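Novice: Before I ask anything, let me first share the structure, which is written out below as C-alpha cells.
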Amino acid sequence: MLDVSGVEVRFGGVRALDGLTITVGEGEVVSLIGPNGAGKSTAFNVITRIVRPQAGTVRFRGRDVLALPAHAVPGLGIGRTYQGLELFASMTVGETLMVGHHAVDRCGLVAAALRVRRGAGVDRAARTSAREIAERLSMTELWDVPVTTLPYGVQKRVDIGRALAGRPALLLLDEPAAGLTHHELDGLGAFILGLRADLAMSVLLVEHHMPLVMAISDRINVLDSGRPLATGTPAQIREDARVIEAYLGVPAGGGRA
C-alpha cells in the first residue's frame with residue numbers, strides 16, 4: 001500500500017531524515033518509533049506533502065505521492081492526525097467531522113472548513129458520514145458542542161474522527177496516546193485494532209508509549225537521528241541491542257545486530 005524509499009530531508013545544515021524507508025501493507029499496523037528529534041513527524045509531513053524531501057520516493061498504491069499537491073493527498077485515501085491538536089477553534093464537533101469528509105475533495109482542508117461554516121456544499125452524504133463517525137467514537141451527544149470546550153482527551157478523539165470521516169485506506173496516527181489519562185489509554189489499542197478489523201484500514205503509528213506499540217504493531221521501524229536503525233516484529237525490536245542503546249543510552253557492546 002505505502003512504499004517510502006530513500007527519503008532525505010534537510011533543513012539548512014540539519015539532516016532530519018537520511019534514507020528513510022518504510023512499507024505498509026494492506027491491513028497492517030506499522031509503527032515508527034525513535035527518540036525525540038528522530039524525524040518521525042517529519043516522515044509524516046513528507047508522506048502528506050507538507051514537507052518536500054531532497055531525495056527519495058513515496059508511492060501509495062502505485063501512485064507517486066510526491067508529484068501531487070498536498071490538498072490531493074486525502075483524496076488518495078491517506079488520512080492523518082497531528083502531534084499537537086490542529087482543530088478549528090470556532091467549530092463544533094459535528095462541523096469538524098464534516099470538514100474531514102469534505103477534505104477528500106480537491107478543495108483542501110481550509111477550503112472545506114469554509115464551505116462547512118458558510119453552509120455551502122454541506123450535503124447529506126457529508127452529514128451522514130460525520131454522524132457515523134460520531135457514533136463510532138461515542139460522540140453523538142457532543143455533535144453541537146464547540147471542540148475547544150472539550151477535555152484534551154476528547155479533542156484527540158475528534159481529531160481522529162476528522163481523519164476517519166475522509167474514509168482513508170491508510171491512517172497516519174501521530175502520537176495518539178500523548179496527554180491521555182490511564183483510563184483513556186486502556187481502550188486506545190483496541191480502538192486502533194478495531195479500525196483495521198471493521199474498516200479494512202491500514203495504520204502507520206508514531207508513538208512513544210511502548211506498551212501500546214508492542215501490543216498492536218505487526219512491524220516496527222526505528223529511527224535514530226533521522227536514520228533507519230532497525231525494522232522487525234515487536235519481539236525482534238524489543239531484543240535489539242541497537243534499539244536499547246538508542247533509547248536508554250546503554251552501549252550495545254557485543255549485542256545482536
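Within each chain, counting starts at residue 1; across the C-alpha cells, chains are named A, B, ... in the order shown, with ligands numbered 1 upward in that order.
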As a list in words, please: the residues near region 127-144 of chain A (cut-off 10 Å, only C-alpha atoms, same-chain neighbours under 5 positions excluded).
Specialist: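 The residues satisfying every condition are Met91, Thr92, Val93, Gly94, Glu95, Thr96, Leu97, Met98, Val99, Gly100, His101, Val122, Leu150, Val154, Arg157, Val158, Ile160, Gly161, Arg162, Ala163, Leu164, Ala165, Gly166, Arg167 and Phe191 of chain A.
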Novice: Take the residues just selected and output them with N, CA and C atoms as a short mmCIF file (atom, residue, chain, number, x, y, z; two decimals), in the first residue's frame.
Specialist:
```cif
data_model
loop_
_atom_site.label_atom_id
_atom_site.label_comp_id
_atom_site.auth_asym_id
_atom_site.auth_seq_id
_atom_site.Cartn_x
_atom_site.Cartn_y
_atom_site.Cartn_z
N MET A 91 -15.32 25.83 15.57
CA MET A 91 -16.23 24.80 15.07
C MET A 91 -16.75 23.89 16.17
N THR A 92 -17.91 23.32 15.92
CA THR A 92 -18.46 22.28 16.78
C THR A 92 -17.87 20.93 16.38
N VAL A 93 -18.17 19.93 17.17
CA VAL A 93 -17.72 18.58 16.85
C VAL A 93 -18.27 18.13 15.50
N GLY A 94 -19.56 18.34 15.29
CA GLY A 94 -20.18 17.92 14.04
C GLY A 94 -19.58 18.61 12.83
N GLU A 95 -19.36 19.91 12.94
CA GLU A 95 -18.75 20.64 11.83
C GLU A 95 -17.34 20.15 11.54
N THR A 96 -16.60 19.84 12.59
CA THR A 96 -15.23 19.35 12.42
C THR A 96 -15.21 18.02 11.68
N LEU A 97 -16.13 17.13 12.04
CA LEU A 97 -16.20 15.84 11.36
C LEU A 97 -16.62 16.00 9.91
N MET A 98 -17.50 16.95 9.62
CA MET A 98 -17.89 17.17 8.24
C MET A 98 -16.75 17.74 7.41
N VAL A 99 -15.89 18.55 8.04
CA VAL A 99 -14.69 19.03 7.35
C VAL A 99 -13.86 17.84 6.87
N GLY A 100 -13.73 16.83 7.72
CA GLY A 100 -12.97 15.65 7.33
C GLY A 100 -13.54 14.98 6.10
N HIS A 101 -14.86 14.96 5.98
CA HIS A 101 -15.49 14.37 4.80
C HIS A 101 -15.20 15.21 3.56
N VAL A 122 -22.74 21.54 2.12
CA VAL A 122 -22.91 20.58 3.21
C VAL A 122 -24.04 19.63 2.81
N LEU A 150 -14.02 21.10 25.08
CA LEU A 150 -13.93 19.69 25.49
C LEU A 150 -12.59 19.39 26.15
N VAL A 154 -10.79 14.13 24.76
CA VAL A 154 -11.93 14.10 23.84
C VAL A 154 -11.59 14.84 22.55
N ARG A 157 -9.90 12.56 20.29
CA ARG A 157 -10.85 11.69 19.58
C ARG A 157 -11.48 12.42 18.40
N VAL A 158 -11.79 13.70 18.59
CA VAL A 158 -12.35 14.48 17.49
C VAL A 158 -11.35 14.58 16.34
N ILE A 160 -9.03 12.41 15.57
CA ILE A 160 -9.05 11.11 14.89
C ILE A 160 -10.32 10.98 14.05
N GLY A 161 -11.44 11.43 14.59
CA GLY A 161 -12.69 11.35 13.86
C GLY A 161 -12.68 12.15 12.58
N ARG A 162 -12.07 13.32 12.60
CA ARG A 162 -11.98 14.13 11.38
C ARG A 162 -11.22 13.37 10.31
N ALA A 163 -10.13 12.69 10.69
CA ALA A 163 -9.36 11.90 9.73
C ALA A 163 -10.19 10.72 9.21
N LEU A 164 -10.94 10.08 10.09
CA LEU A 164 -11.75 8.93 9.69
C LEU A 164 -12.90 9.33 8.77
N ALA A 165 -13.39 10.54 8.92
CA ALA A 165 -14.53 10.98 8.11
C ALA A 165 -14.19 11.04 6.63
N GLY A 166 -12.91 11.12 6.31
CA GLY A 166 -12.48 11.10 4.93
C GLY A 166 -12.37 9.71 4.34
N ARG A 167 -12.75 8.69 5.11
CA ARG A 167 -12.74 7.29 4.68
C ARG A 167 -11.37 6.86 4.15
N PHE A 191 -9.18 0.20 20.11
CA PHE A 191 -9.82 1.07 19.13
C PHE A 191 -9.06 1.05 17.81
#
```
Novice: According to DSSP computed on the backbone, where in region 6-234 of chain A is there helix (DSSP H, G or I)? Give the residues as a ChimeraX atom specification.
Specialist: /A:40-47,65-67,70-76,93-102,109-118,124-136,140-142,147-149,152-165,182-186,188-199,210-216,234
Novice: Would you please work out which residue, of A:Ala178, A:Leu171, A:Met201, A:Leu20, is nearest to Pro74 (chain A) when using only C-alpha atoms?
Specialist: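 Of A:Ala178, A:Leu171, A:Met201, A:Leu20, the one nearest Pro74 (chain A) is A:Leu171, counting only C-alpha atoms.
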Novice: Just list the residues in region 112-191 of chain A DSSP gives strand (DSSP E or B) on the backbone, as a list in words.
Specialist: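 Written out, the strand (DSSP E or B) residues of region 112-191 of chain A are Pro146, Leu170, Leu171, Leu172, Leu173 and Asp174 of chain A.
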Novice: Pick from A:Leu199, A:Arg59, A:Thr42, A:Gln83: nearest to Val24 (chain A), with only C-alpha atoms counted?
Specialist: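 When distances to Val24 (chain A) are compared using only C-alpha atoms, the smallest one comes from A:Arg59.
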